[in-house]
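Engineer: This is target-v3.pdb, which holds PDB, C-alpha atoms:
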```pdb
ATOM      1  CA  MET A   1       2.108  22.075  -4.346
ATOM      2  CA  ALA A   2      -0.427  21.064  -6.982
ATOM      3  CA  THR A   3      -4.128  21.472  -6.390
ATOM      4  CA  ALA A   4      -6.583  18.612  -6.851
ATOM      5  CA  ASN A   5      -7.634  20.203 -10.131
ATOM      6  CA  ASP A   6      -4.005  20.368 -11.310
ATOM      7  CA  ARG A   7      -3.547  16.698 -10.470
ATOM      8  CA  ALA A   8      -6.751  15.793 -12.334
ATOM      9  CA  VAL A   9      -5.577  17.728 -15.408
ATOM     10  CA  LEU A  10      -2.174  16.027 -15.331
ATOM     11  CA  GLN A  11      -3.823  12.645 -14.841
ATOM     12  CA  THR A  12      -5.972  13.230 -17.909
ATOM     13  CA  ILE A  13      -3.004  14.384 -19.990
ATOM     14  CA  PHE A  14      -0.671  11.553 -19.050
ATOM     15  CA  ASN A  15      -3.280   8.794 -18.719
ATOM     16  CA  PRO A  16      -6.159   9.652 -21.048
ATOM     17  CA  SER A  17      -7.675   6.181 -20.810
ATOM     18  CA  THR A  18      -7.802   5.987 -17.041
ATOM     19  CA  PRO A  19     -11.303   5.534 -15.626
ATOM     20  CA  PHE A  20     -10.549   7.387 -12.396
ATOM     21  CA  GLY A  21      -9.937  11.034 -11.671
ATOM     22  CA  ASP A  22     -11.930  12.201 -14.656
ATOM     23  CA  ILE A  23     -15.000  13.524 -12.917
ATOM     24  CA  PRO A  24     -15.636  17.272 -13.415
ATOM     25  CA  GLY A  25     -16.426  19.119 -10.214
ATOM     26  CA  LEU A  26     -15.252  16.155  -8.180
ATOM     27  CA  GLU A  27     -13.637  18.316  -5.518
ATOM     28  CA  GLU A  28     -16.945  19.971  -4.618
ATOM     29  CA  GLU A  29     -18.775  16.653  -4.824
ATOM     30  CA  GLU A  30     -16.204  14.993  -2.569
ATOM     31  CA  GLU A  31     -16.525  17.808  -0.041
ATOM     32  CA  GLU A  32     -20.313  17.321   0.013
ATOM     33  CA  ALA A  33     -19.917  13.539   0.282
ATOM     34  CA  ALA A  34     -17.366  13.937   3.066
ATOM     35  CA  GLN A  35     -19.764  16.205   4.934
ATOM     36  CA  GLU A  36     -22.609  13.699   4.499
ATOM     37  CA  GLU A  37     -20.350  10.830   5.594
ATOM     38  CA  GLY A  38     -19.246  12.858   8.599
ATOM     39  CA  GLU A  39     -22.873  13.229   9.575
ATOM     40  CA  ALA A  40     -23.766   9.590   8.883
ATOM     41  CA  PHE A  41     -20.781   7.874  10.525
ATOM     42  CA  ALA A  42     -18.841   8.397  13.735
ATOM     43  CA  PRO A  43     -15.874  10.640  12.816
ATOM     44  CA  GLU A  44     -13.264   8.453  14.543
ATOM     45  CA  LEU A  45     -14.577   5.317  12.847
ATOM     46  CA  LEU A  46     -14.756   7.035   9.470
ATOM     47  CA  GLU A  47     -11.153   8.207   9.804
ATOM     48  CA  GLN A  48     -10.048   4.681  10.724
ATOM     49  CA  VAL A  49     -11.891   3.210   7.705
ATOM     50  CA  ARG A  50     -10.428   5.791   5.321
ATOM     51  CA  ASP A  51      -6.956   4.997   6.644
ATOM     52  CA  LEU A  52      -7.551   1.268   6.085
ATOM     53  CA  GLU A  53      -8.663   1.979   2.530
ATOM     54  CA  LEU A  54      -5.546   4.062   1.855
ATOM     55  CA  GLN A  55      -3.415   1.221   3.203
ATOM     56  CA  GLY A  56      -5.291  -1.184   0.956
ATOM     57  CA  VAL A  57      -4.790   0.989  -2.120
ATOM     58  CA  SER A  58      -1.056   1.292  -1.346
ATOM     59  CA  ALA A  59      -0.776  -2.468  -0.902
ATOM     60  CA  ALA A  60      -2.607  -3.116  -4.174
ATOM     61  CA  GLU A  61      -0.403  -0.627  -6.020
ATOM     62  CA  SER A  62       2.689  -2.455  -4.741
ATOM     63  CA  GLY A  63       1.245  -5.803  -5.855
ATOM     64  CA  ASP A  64       0.337  -7.132  -2.396
ATOM     65  CA  LEU A  65      -3.265  -8.102  -3.126
ATOM     66  CA  SER A  66      -3.629 -10.244   0.019
ATOM     67  CA  THR A  67      -2.873  -7.275   2.277
ATOM     68  CA  ALA A  68      -5.062  -5.015   0.151
ATOM     69  CA  LEU A  69      -7.990  -7.417   0.475
ATOM     70  CA  GLU A  70      -7.452  -7.678   4.234
ATOM     71  CA  ARG A  71      -7.500  -3.874   4.638
ATOM     72  CA  PHE A  72     -10.583  -3.410   2.458
ATOM     73  CA  SER A  73     -12.399  -6.259   4.224
ATOM     74  CA  GLU A  74     -11.564  -4.746   7.608
ATOM     75  CA  ALA A  75     -12.910  -1.371   6.426
ATOM     76  CA  ILE A  76     -16.122  -3.110   5.309
ATOM     77  CA  ARG A  77     -16.394  -4.932   8.632
ATOM     78  CA  LEU A  78     -16.136  -1.623  10.503
ATOM     79  CA  LEU A  79     -18.533   0.329   8.241
ATOM     80  CA  PRO A  80     -20.513  -2.136   6.117
ATOM     81  CA  GLU A  81     -22.865   0.587   4.876
ATOM     82  CA  ARG A  82     -20.086   2.663   3.227
ATOM     83  CA  ALA A  83     -19.732   2.090  -0.540
ATOM     84  CA  SER A  84     -16.102   3.088  -1.104
ATOM     85  CA  ALA A  85     -14.428   0.035   0.461
ATOM     86  CA  TYR A  86     -16.624  -2.319  -1.585
ATOM     87  CA  ASN A  87     -15.549  -0.542  -4.765
ATOM     88  CA  ASN A  88     -11.879  -0.750  -3.756
ATOM     89  CA  ARG A  89     -12.110  -4.392  -2.742
ATOM     90  CA  ALA A  90     -13.805  -5.184  -6.062
ATOM     91  CA  GLN A  91     -10.765  -3.869  -7.906
ATOM     92  CA  ALA A  92      -8.426  -6.051  -5.827
ATOM     93  CA  LEU A  93     -10.692  -9.084  -6.287
ATOM     94  CA  ARG A  94     -10.747  -8.545 -10.035
ATOM     95  CA  LEU A  95      -6.956  -8.278 -10.121
ATOM     96  CA  ARG A  96      -6.771 -11.551  -8.203
ATOM     97  CA  GLY A  97      -9.080 -13.190 -10.746
ATOM     98  CA  ASP A  98     -12.233 -13.385  -8.595
ATOM     99  CA  VAL A  99     -14.611 -11.766 -11.091
ATOM    100  CA  ALA A 100     -17.764 -13.069  -9.363
ATOM    101  CA  GLY A 101     -16.610 -11.602  -6.041
ATOM    102  CA  ALA A 102     -15.736  -8.318  -7.743
ATOM    103  CA  LEU A 103     -19.206  -8.111  -9.299
ATOM    104  CA  ARG A 104     -20.849  -8.785  -5.918
ATOM    105  CA  ASP A 105     -18.849  -5.947  -4.340
ATOM    106  CA  LEU A 106     -19.576  -3.579  -7.236
ATOM    107  CA  ASP A 107     -23.301  -4.315  -6.936
ATOM    108  CA  ALA A 108     -23.061  -3.601  -3.190
ATOM    109  CA  ALA A 109     -21.187  -0.323  -3.787
ATOM    110  CA  ILE A 110     -23.788   0.828  -6.310
ATOM    111  CA  ARG A 111     -26.645  -0.113  -3.983
ATOM    112  CA  LEU A 112     -25.072   1.566  -0.930
ATOM    113  CA  SER A 113     -24.211   4.744  -2.866
ATOM    114  CA  ARG A 114     -27.732   4.822  -4.307
ATOM    115  CA  GLY A 115     -26.098   5.229  -7.727
ATOM    116  CA  CYS A 116     -24.692   8.663  -6.865
ATOM    117  CA  GLY A 117     -21.233  10.083  -6.261
ATOM    118  CA  ARG A 118     -17.693   8.994  -6.914
ATOM    119  CA  ALA A 119     -17.981   5.441  -5.557
ATOM    120  CA  ALA A 120     -21.009   4.810  -7.789
ATOM    121  CA  CYS A 121     -19.283   6.317 -10.818
ATOM    122  CA  GLN A 122     -16.183   4.187 -10.329
ATOM    123  CA  SER A 123     -18.295   1.094  -9.648
ATOM    124  CA  PHE A 124     -20.306   1.570 -12.843
ATOM    125  CA  VAL A 125     -17.068   1.972 -14.817
ATOM    126  CA  GLN A 126     -15.504  -1.144 -13.282
ATOM    127  CA  ARG A 127     -18.645  -3.224 -13.705
ATOM    128  CA  GLY A 128     -18.927  -2.046 -17.312
ATOM    129  CA  LEU A 129     -15.348  -3.144 -17.970
ATOM    130  CA  ILE A 130     -16.004  -6.587 -16.525
ATOM    131  CA  ARG A 131     -19.228  -6.947 -18.472
ATOM    132  CA  ARG A 132     -17.470  -5.910 -21.683
ATOM    133  CA  LEU A 133     -14.819  -8.592 -21.077
ATOM    134  CA  GLN A 134     -17.680 -11.066 -20.606
ATOM    135  CA  ALA A 135     -19.117 -10.004 -24.005
ATOM    136  CA  ARG A 136     -22.180  -8.540 -22.269
ATOM    137  CA  GLU A 137     -22.156  -5.423 -24.460
ATOM    138  CA  GLU A 138     -25.629  -4.107 -23.569
ATOM    139  CA  ASP A 139     -25.015  -4.457 -19.832
ATOM    140  CA  ALA A 140     -21.659  -2.713 -20.250
ATOM    141  CA  ARG A 141     -23.334   0.048 -22.240
ATOM    142  CA  ARG A 142     -25.942   0.621 -19.508
ATOM    143  CA  ASP A 143     -23.237   0.839 -16.815
ATOM    144  CA  TRP A 144     -21.125   3.243 -18.874
ATOM    145  CA  GLU A 145     -24.168   5.389 -19.645
ATOM    146  CA  ARG A 146     -24.794   5.753 -15.905
ATOM    147  CA  ALA A 147     -21.105   6.460 -15.247
ATOM    148  CA  ALA A 148     -21.067   9.028 -18.057
ATOM    149  CA  ARG A 149     -24.075  10.776 -16.508
ATOM    150  CA  LEU A 150     -22.075  10.913 -13.271
ATOM    151  CA  GLY A 151     -19.244  12.626 -15.169
ATOM    152  CA  SER A 152     -16.850   9.888 -16.292
ATOM    153  CA  ALA A 153     -14.991  10.847 -19.462
ATOM    154  CA  PHE A 154     -13.628   7.283 -19.618
ATOM    155  CA  ALA A 155     -17.188   5.902 -19.746
ATOM    156  CA  ARG A 156     -18.080   8.373 -22.508
ATOM    157  CA  ARG A 157     -15.072   7.159 -24.543
ATOM    158  CA  GLN A 158     -16.126   3.537 -24.024
ATOM    159  CA  LEU A 159     -19.628   4.348 -25.263
ATOM    160  CA  VAL A 160     -18.147   5.830 -28.424
ATOM    161  CA  LEU A 161     -16.067   2.682 -28.932
ATOM    162  CA  LEU A 162     -19.196   0.523 -28.612
ATOM    163  CA  ASN A 163     -20.849   2.472 -31.428
ATOM    164  CA  PRO A 164     -19.753   0.874 -34.736
ATOM    165  CA  TYR A 165     -20.359   4.101 -36.684
ATOM    166  CA  SER A 166     -18.218   6.093 -34.280
ATOM    167  CA  ALA A 167     -15.500   3.453 -34.452
ATOM    168  CA  LEU A 168     -15.511   3.627 -38.256
ATOM    169  CA  CYS A 169     -15.381   7.434 -38.204
ATOM    170  CA  ASN A 170     -12.526   7.339 -35.688
ATOM    171  CA  GLN A 171     -10.622   4.871 -37.887
ATOM    172  CA  MET A 172     -11.090   7.073 -40.965
ATOM    173  CA  LEU A 173     -10.034  10.161 -38.990
ATOM    174  CA  CYS A 174      -6.879   8.398 -37.759
ATOM    175  CA  GLU A 175      -6.010   7.374 -41.314
ATOM    176  CA  MET A 176      -6.556  10.924 -42.577
ATOM    177  CA  LEU A 177      -4.412  12.403 -39.798
ATOM    178  CA  GLY A 178      -1.736   9.817 -40.570
ATOM    179  CA  ARG A 179      -1.688  10.960 -44.191
ATOM    180  CA  LEU A 180      -1.435  14.602 -43.128
ATOM    181  CA  ARG A 181       1.477  13.830 -40.801
ATOM    182  CA  ASN A 182       3.248  11.671 -43.368
ATOM    183  CA  PRO A 183       2.204  12.847 -46.853
ATOM    184  CA  GLY A 184       4.646  10.565 -48.665
ATOM    185  CA  GLY A 185       3.800   7.480 -46.584
ATOM    186  CA  THR A 186       0.976   4.967 -46.687
ATOM    187  CA  GLY A 187      -1.168   6.929 -44.222
ATOM    188  CA  GLY A 188      -0.879   4.334 -41.482
ATOM    189  CA  SER A 189       0.168   5.023 -37.947
ATOM    190  CA  GLU A 190       3.763   5.988 -37.285
TER     191      GLU A 190
END
```
Reformat the file's structure so that it appears as structure tokens.
Structural biologist:
Amino acid sequence: MATANDRAVLQTIFNPSTPFGDIPGLEEEEEEAAQEEGEAFAPELLEQVRDLELQGVSAAESGDLSTALERFSEAIRLLPERASAYNNRAQALRLRGDVAGALRDLDAAIRLSRGCGRAACQSFVQRGLIRRLQAREEDARRDWERAARLGSAFARRQLVLLNPYSALCNQMLCEMLGRLRNPGGTGGSE
């Protein structure tokens, strides 16, 4: 059986562009957050809400966004002061095309998490992605800077991509590596 660290390493290897699962020391942070949540919320209620969120994630992964939204909304109804369900519902709302609703939920998740922890990190990444798609580069940059400070390697990569000098250097490096791999070719990608 793989450890959480093993799964995180494999996730990074096989999905290097994924915004989730890339937070160093996440296991310890999650244990601390779980302990704080256990103290802040009734254990039975917290377990019920976590189960609803897992059901929602499973539904979203299988393409059933209506069920996912119902589960996340029920989790929010039961524990409206917990950030995680807002972050999860924002993802489902975005997939459904409700960008304004997704942004409202991401703002709520960031506020409730006080800008700390996994839910905040994921919310900053998601909000940065939406803002980038809206051509709000500076807002996206600010969100990714905060996510990067919380440990997101994905956010750090996005910040590099926003930097035109870094993008140019990366392009030149790719061309050079292409030439090294294919000395007789044009130097382009294979």
Engineer: Could you jot down the CA of Leu177 in chain A to CA of Ser152 in chain A separation for me, Å, one decimal place?
Structural biologist: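 Computing it gives 26.7 Å between the two atoms.
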Engineer: Quick one: residues within 8 Å of range 127-132 of chain A, only C-alpha atoms counted, chain neighbours fewer than 5 positions away excluded, as a compact mmCIF listing (two decimals) with C-alpha atoms, keeping the file's coordinate frame?
Structural biologist:
```txt
# COMPACT_ATOMS: atom_id res chain seq x y z
CA VAL A 99 -14.61 -11.77 -11.09
CA LEU A 103 -19.21 -8.11 -9.30
CA LEU A 106 -19.58 -3.58 -7.24
CA GLU A 137 -22.16 -5.42 -24.46
CA ASP A 139 -25.02 -4.46 -19.83
CA ALA A 140 -21.66 -2.71 -20.25
CA ARG A 141 -23.33 0.05 -22.24
CA ARG A 142 -25.94 0.62 -19.51
CA ASP A 143 -23.24 0.84 -16.82
CA TRP A 144 -21.12 3.24 -18.87
```
Engineer: Find the residues around range 121-123 of chain A up to 6 Å (only C-alpha atoms counted), leave out those fewer than 6 positions away in its own chain, and share them as a CSV table (one decimal) with C-alpha atoms, in the frame of the given file.
Structural biologist:
```csv
chain,number,residue,atom,x,y,z
A,87,ASN,CA,-15.5,-0.5,-4.8
A,106,LEU,CA,-19.6,-3.6,-7.2
A,147,ALA,CA,-21.1,6.5,-15.2
A,150,LEU,CA,-22.1,10.9,-13.3
```
Engineer: Might you spell out which residues the PyMOL selection byres ((chain A and resi 57-59) around 10) would select in the displayed file, as an MDAnalysis selection string?
Structural biologist: chainID A and resid 51:56 60:72 88:89 91:92
Engineer: If the PyMOL selection byres ((chain A and resi 109) around 9) were run on this exact file, what residues would it hold? Put them as an NGL selection string.
Structural biologist: :A and (81-87 or 104-108 or 110-115 or 119-120 or 123)
Engineer: Could you tell me how far CA of Arg77 in chain A sits from CA of Leu46 in chain A, in Å to one decimal place?
Structural biologist: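 Taking CA of Leu46 in chain A and CA of Arg77 in chain A, their separation equals 12.1 Å.
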Engineer: For CA of Arg146 in chain A and CA of Leu93 in chain A, quote the distance in Å rounded to one decimal.
Structural biologist: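 Answer for the CA of Arg146 in chain A to CA of Leu93 in chain A separation: 22.6 Å.
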Engineer: With only C-alpha atoms as the atoms that count, which of A:Pro80, A:Pro43, A:Gly101, A:Gly151 lies nearest to Phe124 in chain A?
Structural biologist: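 Comparing A:Pro80, A:Pro43, A:Gly101, A:Gly151 against Phe124 in chain A, the winner is A:Gly151.
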